There are 4 protein chains.
Amino acid sequence: MQALRKPRPERGAALETVPVPIIGPNDVLVRVRAASICGTDLHIYAWDPWSASRIHPPMTFGHEFCGVVERVGDEVPELMAKPGEFVSAEMHVNCGHCRQCRVGQPHVCQNLEIIGIDRNGCFAEFVSIPAKNIWKIDPAIPEHYGAILDPLGNAVHTVLSGDIAGQTVAVTGAGPIGLMAIAKACGCSTLFATEVNAARRAMALRMGADLALDPSAGDVVAQVREATDGSGADILLEMSGHPTAIRQGFQMLRAGGRASLLGIPSQPVTLDLVNDIIFKGATVHGIFGRLMFKTWVQMTELLKSGKLNLEPLFGERLPLGKFADAFKMLEGGLAGKILFYPNGARR
Amino acid sequence: MQALRKPRPERGAALETVPVPIIGPNDVLVRVRAASICGTDLHIYAWDPWSASRIHPPMTFGHEFCGVVERVGDEVPELMAKPGEFVSAEMHVNCGHCRQCRVGQPHVCQNLEIIGIDRNGCFAEFVSIPAKNIWKIDPAIPEHYGAILDPLGNAVHTVLSGDIAGQTVAVTGAGPIGLMAIAKACGCSTLFATEVNAARRAMALRMGADLALDPSAGDVVAQVREATDGSGADILLEMSGHPTAIRQGFQMLRAGGRASLLGIPSQPVTLDLVNDIIFKGATVHGIFGRLMFKTWVQMTELLKSGKLNLEPLFGERLPLGKFADAFKMLEGGLAGKILFYPNGARR
Amino acid sequence: MQALRKPRPERGAALETVPVPIIGPNDVLVRVRAASICGTDLHIYAWDPWSASRIHPPMTFGHEFCGVVERVGDEVPELMAKPGEFVSAEMHVNCGHCRQCRVGQPHVCQNLEIIGIDRNGCFAEFVSIPAKNIWKIDPAIPEHYGAILDPLGNAVHTVLSGDIAGQTVAVTGAGPIGLMAIAKACGCSTLFATEVNAARRAMALRMGADLALDPSAGDVVAQVREATDGSGADILLEMSGHPTAIRQGFQMLRAGGRASLLGIPSQPVTLDLVNDIIFKGATVHGIFGRLMFKTWVQMTELLKSGKLNLEPLFGERLPLGKFADAFKMLEGGLAGKILFYPNGARR
Amino acid sequence: MQALRKPRPERGAALETVPVPIIGPNDVLVRVRAASICGTDLHIYAWDPWSASRIHPPMTFGHEFCGVVERVGDEVPELMAKPGEFVSAEMHVNCGHCRQCRVGQPHVCQNLEIIGIDRNGCFAEFVSIPAKNIWKIDPAIPEHYGAILDPLGNAVHTVLSGDIAGQTVAVTGAGPIGLMAIAKACGCSTLFATEVNAARRAMALRMGADLALDPSAGDVVAQVREATDGSGADILLEMSGHPTAIRQGFQMLRAGGRASLLGIPSQPVTLDLVNDIIFKGATVHGIFGRLMFKTWVQMTELLKSGKLNLEPLFGERLPLGKFADAFKMLEGGLAGKILFYPNGARR
């Protein structure tokens, strides 16, 4: 089969012909229909220091996808997966026996392996997935949404890591996951987005933000405070990973509020712990991955009921062979979610 | 009456004769039985930059006390307070109408006033307290415990800001409040304390710690991890305010765990947000004051049932006139909770 | 002033001239703009056994209203209320010193007094309210909504007594509060309503229900299970108080789900505790009043943000003198929320 | 091997020789060290209506045990189980794909199978267990405790289904699980037990109850209210399944309190829903099984730290052949937890 590979420890990728994965008795072989490119894939493509420390070439990358079950292992119960079903998958494979797995927090498993990072991923015609990680896609959900359930899950997990109804929300950073959070978070009362890029601010408003503020053009902390009678926002959803945005986010959070942090800063961040967290009596949630599989149920429900319109977020749809174009567009900045179709033209 | 005052904006204090406070219709006048000295009082005495920015001399300080109701205002219902009752008080006075007060978080009120900091306090023969802030002390609780309910409340609020039963706990910093937390936290399974001072480590073991570790003598992070099969502690109670201890605390916290931060760092702290909070999926609670008045109920229940032995924490008992000795002992380091008896010798 | 009174312990009411209330130092006198009739008022009017046991004539009833502050007591801070402000009020007056008040649950105070039931209410030109119970109405909220914040609060408290986003919900009973719950609960995924009355089913669909089922015409339990792939609904909001509906509600609840009970059955109810609650691992919330004042903040936010359209629920608007017509319409069944205007014609 | 079987649909049991179970690739074969008799086993032995509807003879029963891993299937990771390890098991086998399994509530799986009820159990020399259900027993825990982790888990799940520190607790029913709950619940402040049997009341006091009340000799509701200043207990743990005790339990619960129901009534129960749940604003938890596997972690921590002394609860230790004696003692009433040793004399 064809697969997009990181052949060597250096920038770039290569389309190669490799054997179809051989599956074990508890695994499922999926024929990939569509796969989406994550920011992490850009890091792998560019071969940054994080990639160099984590990725072991040669390997196939990619971890956001949907497809059709081709074959199941001997021990897979029919109710979990059978040939012909349209599925996606949680690509974080947990061990099942560490303390976190045992107390109901498998999403922060101590021995986590990520498909597409620690083993061969979905930028290929076929991918092998443990049966317990397979997620059947409800027929009411449009096919291409199936390819972005992984990042949508990040957004939904962030938004729903605490109460949200009837509360004011500040989202710092309106990249793809920030925009998904905005789309979902509209169960809140008033939503403020901060984002330096004008096109993304426009998109934030289109996705449901009430106010899209530019940190480079004014005092966004003062603006959010003013719009909340001086209290600050009830909830902060930090989606940027930028130290300044993180600090501004905490400053615009009201005392007693909730901050959920998903954005990944590239280095340690200096925080005014006393005024921004301790004296505020704030609650801070670190967000990693998605709840397994509560977040998937929530996403399915929201998508089935038509309460999440993500259409504006989708970008180009390309065959795997056009990968160089895809990465170029994404490195340029503002492309939407680009989808690969490894098994040929989209329907 | 006699009162211990900060007469001028400079180091020191003075015992002065001032009028007994005149109370309003919703206030209660309390004859102070015993008052305890907090770390904050040391800052006020020393006149550090924080004091200079917050305190307006001349004023009477002190905010940990117990006493007997002397007189009540005309609008105070008999069930809330009546002359002769033995009481303490929540010294954080909330406004009742800001957003936090309205959503059930008065302990982080936007317009909070602290008695003994923002208005005259309890280092005096009498103190005036709003009736709603009065706390009646259960007769089963020893008198001198009444003088330290304020800091004990900090400790109990920190410990009980999340589940604790059947979990492992790391306490960083074994000063008076850290030690109270240790005493209470023994509803947990295993308790690790880290503390550089040997006498405090000994006291930590005496109060119930299973292991008292010295950060200056070894790798406390590795020690806690080893003692938890590599997972780290389920819960971090940060009581030191020291940047190194804060960072070590987060490193010894297991993924998915809870960190409750009470210690007050004197400047911004640089954190490895990605590895210590975000990828860990940790929950962080900033802790300020005490829940009004849930924490007071919890304390009362624990003290009544004999489940909290704090006897080893008490130090000297002195008349107000010996204030210079008291502050000298405390500035020297290791004194226990010193109690003033403004109305004369202890019973 | 004119007031609608229960003059004697018997069916009926009378419009009488009585003195304007004299307020205490912590009270606020409000000139009533609009008042709404609750089901409880129907019980008082009809003088049912509950009324006979609780109400002490002569008294003025009515407990849902909005109006303008006329005068404030001497001890009322300006920030809490001042003349000319447009306000409503929490009519449950808590004592402030019982255990529930102290642990942050004043809505279930042991010594609760209800204005309009235990003391003179708002079916009058003026009503006296303790300042702490006054709720300022945000100018962005339409005037007539101010008169129904009390029952809307019941609905919002019921809906938000647990998580709701991305979950399926069954509402049993589509009376006024049930319909308000439906309007709010639309942050859920799929909403099922059960209701025997066809007009109310139609209204339920209009307010946002996805499916309105008739228990008299089919097996609603089977219908909800079928629509949820056999699982049952994630959440039950019981708004009917009818024993059959309560039992059906529990049967249509999935294992591990949440049931919030607001409807008031007129006698004890026989439940299959084992299969409906225990083996299901269900969580059941008894709902009384509104959270003080978290629910009021949530309502305000939802109304300000335009996320609650309750317009279809309003009925006639009448002067107090037309009370006999009003009660007749309501006893007949299907009237919307009728508003009295005690101080003259609506604006 | 030898196994205690229900050979036919009638009262009784038989010791038979059957083949050692053949395990699948994801299973573990355990040599049973000790097994304990549950109340459910008494029902199966007596062949009551529930047994007749659920059990399909011939089969081996028993579902509380500990033992040593004899052999593991080919697909079982070494970290999950390997020969020679001392283990117990969660005997509720969840499907992994229903809604409850997917949202993190596998303990109320829709397709649950119970080993020892729906398939062959542990009253035998060997038992086959799915690897994911194996629980390794910490070496610090005494061997015989390993045989009662299943019922201890019921108790711990009940006690810890909500906050407990610093709260008053009423336990209705002091059978074996009630007594385990009492032992654990001592993280609370004051514990009241109600129990008609004098020997069990004595045991309740021995296990940590502060007050053991006899419902046949006085008004236990009034007694608990009086001992709580009229408020009622903060928490009810219902362990009896008796309708009268359930009703008394709800009456002794304070408004705003938590009731966790584990006891299984044999028929529907009539409740005063209005006064006992709705107007009280109570929270009710149905309790089934144990959290998988959070409860197991909590138990392990509590047992390791020496905070649970269950020694008084153990009764006779017998070979499987003495089963008739064992059931006779248990049907007589007051025996402690009887342990079978299917592979010969205890160490």
# chains A, B, ... in the order shown; residues from 1 in each chain; ligands from 1
>>> interface_residues(of="chain C", to="chain D", cutoff="9 Å", atoms="only C-alpha atoms", output="PyMOL selection string")
chain C and resi 98-100+105+107-110+231+254-256+260-274+276-289
>>> residues_around(residues="Ala124 in chain C", least_positions_apart="3", cutoff="10 Å", atoms="only C-alpha atoms", output="count of residues only")
26
>>> atom_distance(atom1="CA of Leu149 in chain B", atom2="CA of Ile177 in chain B")
10.9 Å
>>> select_by_dssp(residues="range 83-246 of chain A", states="strand (DSSP E or B)", output="number ranges by chain")
A: 86-89, 92-93, 113-115, 119, 124, 126-130, 134-136, 169-172, 191-194, 211-213, 233-238
>>> write_last_selection(atoms="N, CA, C and O atoms", output="short mmCIF file (atom, residue, chain, number, x, y, z; two decimals), in the first residue's frame")
data_model
loop_
_atom_site.label_atom_id
_atom_site.label_comp_id
_atom_site.auth_asym_id
_atom_site.auth_seq_id
_atom_site.Cartn_x
_atom_site.Cartn_y
_atom_site.Cartn_z
N PHE A 86 -18.18 2.23 9.27
CA PHE A 86 -17.47 3.49 9.10
C PHE A 86 -17.02 3.98 10.47
O PHE A 86 -17.83 4.15 11.38
N VAL A 87 -15.71 4.16 10.62
CA VAL A 87 -15.16 4.41 11.96
C VAL A 87 -14.08 5.48 11.96
O VAL A 87 -13.51 5.83 10.93
N SER A 88 -13.83 5.99 13.16
CA SER A 88 -12.63 6.76 13.44
C SER A 88 -11.96 6.05 14.62
O SER A 88 -12.33 4.91 14.93
N ALA A 89 -10.99 6.67 15.25
CA ALA A 89 -10.34 6.00 16.39
C ALA A 89 -9.70 7.01 17.31
O ALA A 89 -9.23 8.07 16.88
N HIS A 92 -4.77 7.66 21.02
CA HIS A 92 -3.99 7.48 22.24
C HIS A 92 -4.30 6.09 22.79
O HIS A 92 -5.43 5.81 23.18
N VAL A 93 -3.29 5.21 22.81
CA VAL A 93 -3.49 3.83 23.26
C VAL A 93 -2.99 3.72 24.70
O VAL A 93 -1.80 3.87 24.97
N GLU A 113 0.82 5.27 24.30
CA GLU A 113 1.44 5.26 22.97
C GLU A 113 0.49 5.96 22.01
O GLU A 113 -0.71 5.70 22.04
N ILE A 114 1.03 6.81 21.14
CA ILE A 114 0.17 7.53 20.21
C ILE A 114 0.42 6.98 18.80
O ILE A 114 1.55 6.97 18.32
N ILE A 115 -0.68 6.51 18.19
CA ILE A 115 -0.59 6.01 16.82
C ILE A 115 -0.33 7.21 15.90
O ILE A 115 -1.00 8.22 15.99
N ARG A 119 3.91 4.86 16.83
CA ARG A 119 3.84 3.73 15.88
C ARG A 119 3.16 4.20 14.60
O ARG A 119 2.67 5.32 14.55
N ALA A 124 -1.98 6.75 5.14
CA ALA A 124 -1.69 5.52 4.40
C ALA A 124 -3.02 4.93 3.94
O ALA A 124 -4.08 5.36 4.40
N PHE A 126 -4.07 1.97 4.64
CA PHE A 126 -4.62 1.18 5.75
C PHE A 126 -3.89 1.54 7.06
O PHE A 126 -2.72 1.91 7.04
N VAL A 127 -4.61 1.39 8.17
CA VAL A 127 -3.98 1.59 9.48
C VAL A 127 -4.53 0.53 10.43
O VAL A 127 -5.69 0.12 10.34
N SER A 128 -3.67 0.03 11.32
CA SER A 128 -4.06 -0.97 12.32
C SER A 128 -4.35 -0.28 13.65
O SER A 128 -3.53 0.52 14.12
N ILE A 129 -5.49 -0.61 14.23
CA ILE A 129 -5.96 0.06 15.46
C ILE A 129 -6.42 -1.02 16.45
O ILE A 129 -7.15 -1.94 16.07
N PRO A 130 -6.04 -0.89 17.75
CA PRO A 130 -6.61 -1.82 18.74
C PRO A 130 -8.13 -1.67 18.76
O PRO A 130 -8.64 -0.55 18.74
N ILE A 134 -11.32 1.79 18.60
CA ILE A 134 -12.18 2.09 17.45
C ILE A 134 -13.42 2.87 17.90
O ILE A 134 -14.01 2.56 18.94
N TRP A 135 -13.80 3.89 17.15
CA TRP A 135 -15.01 4.65 17.42
C TRP A 135 -15.91 4.61 16.19
O TRP A 135 -15.54 5.12 15.14
N LYS A 136 -17.09 3.98 16.34
CA LYS A 136 -18.02 3.91 15.21
C LYS A 136 -18.67 5.28 15.00
O LYS A 136 -19.16 5.89 15.94
N VAL A 169 -17.26 33.53 28.73
CA VAL A 169 -16.08 32.75 28.37
C VAL A 169 -15.10 33.60 27.58
O VAL A 169 -15.52 34.33 26.67
N ALA A 170 -13.82 33.50 27.92
CA ALA A 170 -12.77 34.11 27.10
C ALA A 170 -11.95 32.99 26.47
O ALA A 170 -11.48 32.10 27.18
N VAL A 171 -11.80 33.03 25.14
CA VAL A 171 -10.96 32.08 24.43
C VAL A 171 -9.74 32.84 23.93
O VAL A 171 -9.88 33.79 23.16
N THR A 172 -8.54 32.42 24.40
CA THR A 172 -7.33 33.09 23.93
C THR A 172 -6.70 32.22 22.83
O THR A 172 -6.23 31.13 23.10
N LEU A 191 -19.24 35.26 24.66
CA LEU A 191 -17.94 34.68 24.35
C LEU A 191 -17.00 35.73 23.77
O LEU A 191 -17.30 36.35 22.76
N PHE A 192 -15.86 35.89 24.45
CA PHE A 192 -14.82 36.80 23.98
C PHE A 192 -13.69 35.97 23.39
O PHE A 192 -13.25 35.00 24.01
N ALA A 193 -13.21 36.35 22.19
CA ALA A 193 -12.03 35.69 21.63
C ALA A 193 -10.93 36.73 21.51
O ALA A 193 -11.19 37.88 21.15
N THR A 194 -9.69 36.32 21.84
CA THR A 194 -8.56 37.20 21.56
C THR A 194 -7.66 36.49 20.56
O THR A 194 -7.41 35.29 20.67
N LEU A 211 -17.44 38.83 20.62
CA LEU A 211 -16.46 39.90 20.51
C LEU A 211 -15.13 39.26 20.17
O LEU A 211 -14.73 38.29 20.82
N ALA A 212 -14.45 39.77 19.14
CA ALA A 212 -13.13 39.24 18.77
C ALA A 212 -12.13 40.37 18.95
O ALA A 212 -12.20 41.38 18.24
N LEU A 213 -11.24 40.21 19.91
CA LEU A 213 -10.35 41.30 20.32
C LEU A 213 -8.93 41.06 19.82
O LEU A 213 -8.45 39.93 19.80
N ALA A 233 -14.02 37.39 33.01
CA ALA A 233 -14.78 36.26 32.45
C ALA A 233 -14.85 35.12 33.46
O ALA A 233 -13.91 34.89 34.22
N ASP A 234 -15.97 34.41 33.46
CA ASP A 234 -16.13 33.26 34.36
C ASP A 234 -15.16 32.13 34.00
O ASP A 234 -14.75 31.35 34.86
N ILE A 235 -14.86 32.02 32.70
CA ILE A 235 -14.10 30.87 32.21
C ILE A 235 -13.06 31.34 31.21
O ILE A 235 -13.35 32.18 30.35
N LEU A 236 -11.85 30.78 31.34
CA LEU A 236 -10.81 31.00 30.34
C LEU A 236 -10.53 29.68 29.62
O LEU A 236 -10.28 28.67 30.28
N LEU A 237 -10.56 29.71 28.29
CA LEU A 237 -10.13 28.55 27.50
C LEU A 237 -8.88 28.99 26.76
O LEU A 237 -8.94 29.79 25.82
N GLU A 238 -7.73 28.49 27.21
CA GLU A 238 -6.45 28.94 26.65
C GLU A 238 -6.06 28.00 25.51
O GLU A 238 -5.72 26.85 25.75
#
>>> select_by_dssp(residues="range 96-218 of chain C", states="alpha helix (DSSP H)", output="PyMOL selection string")
chain C and resi 99-102+149-159+176-184+198-207
